[in-house]
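Novice: Before anything else, here's the structure in question.
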Amino acid sequence: MSDLFEQFTWACFEPRLQVSGLHSPEPMPIAPALRAGFGTRHPQVLETVLARPGGFDGRRAVLKHWTRHPGELRLRTGERSYTEGLVMARLIRERNVPPPSAVAAADWSWGTTLASLVLLPGQRILVGRRAEQLQSAPGRWAAVFTEVLEPPDVSPLGMQAVLARLVAEELAPLQHLGQHHFVGLLRLALNWEWVLVAVLDLRAVPGSRLNQALAALAPDAETVAWDSLPLGEAGDAENVGVVGMRLARDVHARLRAP
């Protein structure tokens, strides 16, 4: 089964990373190799999305460039609409061509996402079952909780606000528990999406308090059930088909390394 997080390449990783950015509202260019397909498909996709109840074509912050210093990652982003990014991602995935470089290429960059992993005691991870109506991995169990990066999320003063927004919208009972912080930036192999990775580390939260918070997690429009799984090894029966489990194991191993 397809898992966007099955194959990825780290641009950088640090156990604690401060992330800041500078956003420009100027539209991003489209790679010449994608322009013909984009021109044909985008009007159709836009019409389909806007025809749905509540459909909208919101703004996305798209990575143009990044620089890394010890303990710090700085981003520069531009803009694409949601449907522009959706069409570009599909074209990139269908054509299966190698990326032009290991760094951000503005005309191929289509979206940036925050993906958070929730680490639990006993080498376990929180997982949620995605609703059937979602476009990405409908009905699948997932170890990653994601948020599209929007222009207001990108700040030169630091980007902790987007971490708080993700928890408030998707993991509300876990607010104010543990430590939520960035650990790195990666690019997915399947569609070249750039992903900021964070962990909500609950491993040191007292058991009674943690159990109470986890019991308060309730189904909503995006997540219809909750559970925890052992990180285990590749191929473990419990982990088969869980979106982002390979990423979770990789991050956990890196955090434990000296």
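Ordering of the structure tokens sets the chain letters (A, B, ...); residue numbers start at 1 within each chain; ligands are numbered from 1 in the order shown.
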Pull the closest atom pair for each residue of stretch 82-201 of chain A that gets at most 8 Å from stretch 52-64 of chain A, along with the distance in Å to one decimal, counting only C-alpha atoms, ordering rows by chain and then ascending residue number, as CSV.
Specialist:
```
residue,atom,partner,partner_atom,distance
A:Tyr82,CA,A:Asp57,CA,5.2
A:Thr83,CA,A:Asp57,CA,6.0
A:Ala104,CA,A:Lys64,CA,5.6
A:Ala105,CA,A:Lys64,CA,6.4
A:Ala106,CA,A:Lys64,CA,4.9
A:Ser109,CA,A:Leu63,CA,6.3
A:Trp110,CA,A:Val62,CA,5.8
A:Gly111,CA,A:Val62,CA,4.7
A:Thr112,CA,A:Val62,CA,5.4
A:Val148,CA,A:Arg60,CA,7.1
A:Leu149,CA,A:Ala61,CA,5.5
A:Glu150,CA,A:Arg60,CA,4.7
A:Pro151,CA,A:Ala61,CA,4.9
A:Val154,CA,A:Ala61,CA,7.7
A:Trp194,CA,A:Leu63,CA,7.2
```
Novice: I need the chosen residues saved as a short mmCIF file (atom, residue, chain, number, x, y, z; two decimals), in the first residue's frame, with N, CA and C atoms.
Specialist:
```cif
data_model
loop_
_atom_site.label_atom_id
_atom_site.label_comp_id
_atom_site.auth_asym_id
_atom_site.auth_seq_id
_atom_site.Cartn_x
_atom_site.Cartn_y
_atom_site.Cartn_z
N TYR A 82 -3.64 25.93 -3.07
CA TYR A 82 -3.80 24.51 -2.78
C TYR A 82 -3.93 23.69 -4.06
N THR A 83 -4.77 24.13 -5.00
CA THR A 83 -4.98 23.33 -6.21
C THR A 83 -3.77 23.37 -7.13
N ALA A 104 16.22 22.97 -2.56
CA ALA A 104 14.93 23.41 -3.10
C ALA A 104 15.11 24.03 -4.48
N ALA A 105 14.28 23.63 -5.42
CA ALA A 105 14.23 24.23 -6.75
C ALA A 105 12.86 24.88 -6.88
N ALA A 106 12.82 26.19 -6.98
CA ALA A 106 11.56 26.93 -6.86
C ALA A 106 10.50 26.46 -7.85
N SER A 109 9.16 23.03 -6.61
CA SER A 109 8.66 22.99 -5.24
C SER A 109 7.19 23.37 -5.23
N TRP A 110 6.34 22.52 -4.65
CA TRP A 110 4.91 22.76 -4.75
C TRP A 110 4.20 22.87 -3.41
N GLY A 111 4.83 22.43 -2.32
CA GLY A 111 4.17 22.51 -1.03
C GLY A 111 5.10 22.14 0.10
N THR A 112 4.81 22.65 1.27
CA THR A 112 5.57 22.34 2.47
C THR A 112 4.59 21.95 3.56
N VAL A 148 -0.71 21.63 6.69
CA VAL A 148 -0.16 22.36 5.56
C VAL A 148 0.45 23.67 6.05
N LEU A 149 1.65 23.98 5.58
CA LEU A 149 2.29 25.23 5.96
C LEU A 149 1.66 26.38 5.18
N GLU A 150 1.14 27.36 5.91
CA GLU A 150 0.49 28.52 5.31
C GLU A 150 1.38 29.74 5.47
N PRO A 151 1.20 30.77 4.63
CA PRO A 151 2.07 31.96 4.72
C PRO A 151 2.21 32.55 6.12
N VAL A 154 5.05 31.23 8.58
CA VAL A 154 6.47 31.46 8.32
C VAL A 154 6.87 32.80 8.92
N TRP A 194 8.37 18.89 0.44
CA TRP A 194 9.23 19.22 1.57
C TRP A 194 8.42 19.11 2.85
#
```
Novice: If you run DSSP on this backbone, which residues of stretch 62-192 of chain A come out as strand (DSSP E), and could you give them as a ChimeraX atom specification?
Specialist: /A:62-69,72-81,112-120,124-130,141-142,145-148,179-188
Novice: Nearest to A:Pro219: which of A:His180, A:Ala131, A:Leu174, A:Ala142 is it, counting only C-alpha atoms?
Specialist: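 Of A:His180, A:Ala131, A:Leu174, A:Ala142, the one nearest A:Pro219, counting only C-alpha atoms, is A:Ala131.
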Novice: Closest to A:Arg187 among A:Asn211, A:Thr9, A:Ser228, A:Ser81, using only C-alpha atoms?
Specialist: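 Closest to A:Arg187, using only C-alpha atoms: A:Thr9.
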Novice: Can you tell me which residues surround A:Leu163 at a distance of at most 9 Å, considering only C-alpha atoms, apart from same-chain residues fewer than 2 positions away, and format the answer as an NGL selection string?
Specialist: :A and (114 or 116 or 147 or 159-161 or 165-168 or 180-182 or 198)
Novice: Which neighbours of stretch 132-141 of chain A fall inside 6 Å, counting only C-alpha atoms, when residues of the same chain fewer than 3 positions from it are skipped, and could you give them as number ranges by chain?
Specialist: A: 128-129, 242
Novice: For A:Leu75, which residue among A:Leu34, A:Leu117, A:Leu22, A:Leu231 is the nearest when counting only C-alpha atoms?
Specialist: A:Leu22
Novice: Quick one: everything within 10 Å of A:Met245, counting only C-alpha atoms, minus sequence neighbours fewer than 3 positions away in the same chain. Send it as a list in words.
Specialist: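 These residues fall inside the cut-off: Asp3, Phe5, Glu6, Leu117, Ile125, Val127, Trp141, Ala142, Ala143, Val144, Leu229, Pro230, Leu231, Gly232, Glu233, Ala234, Asn239, Val240, Gly241, Val242, Ala248, Arg249, Asp250 and Val251 of chain A.
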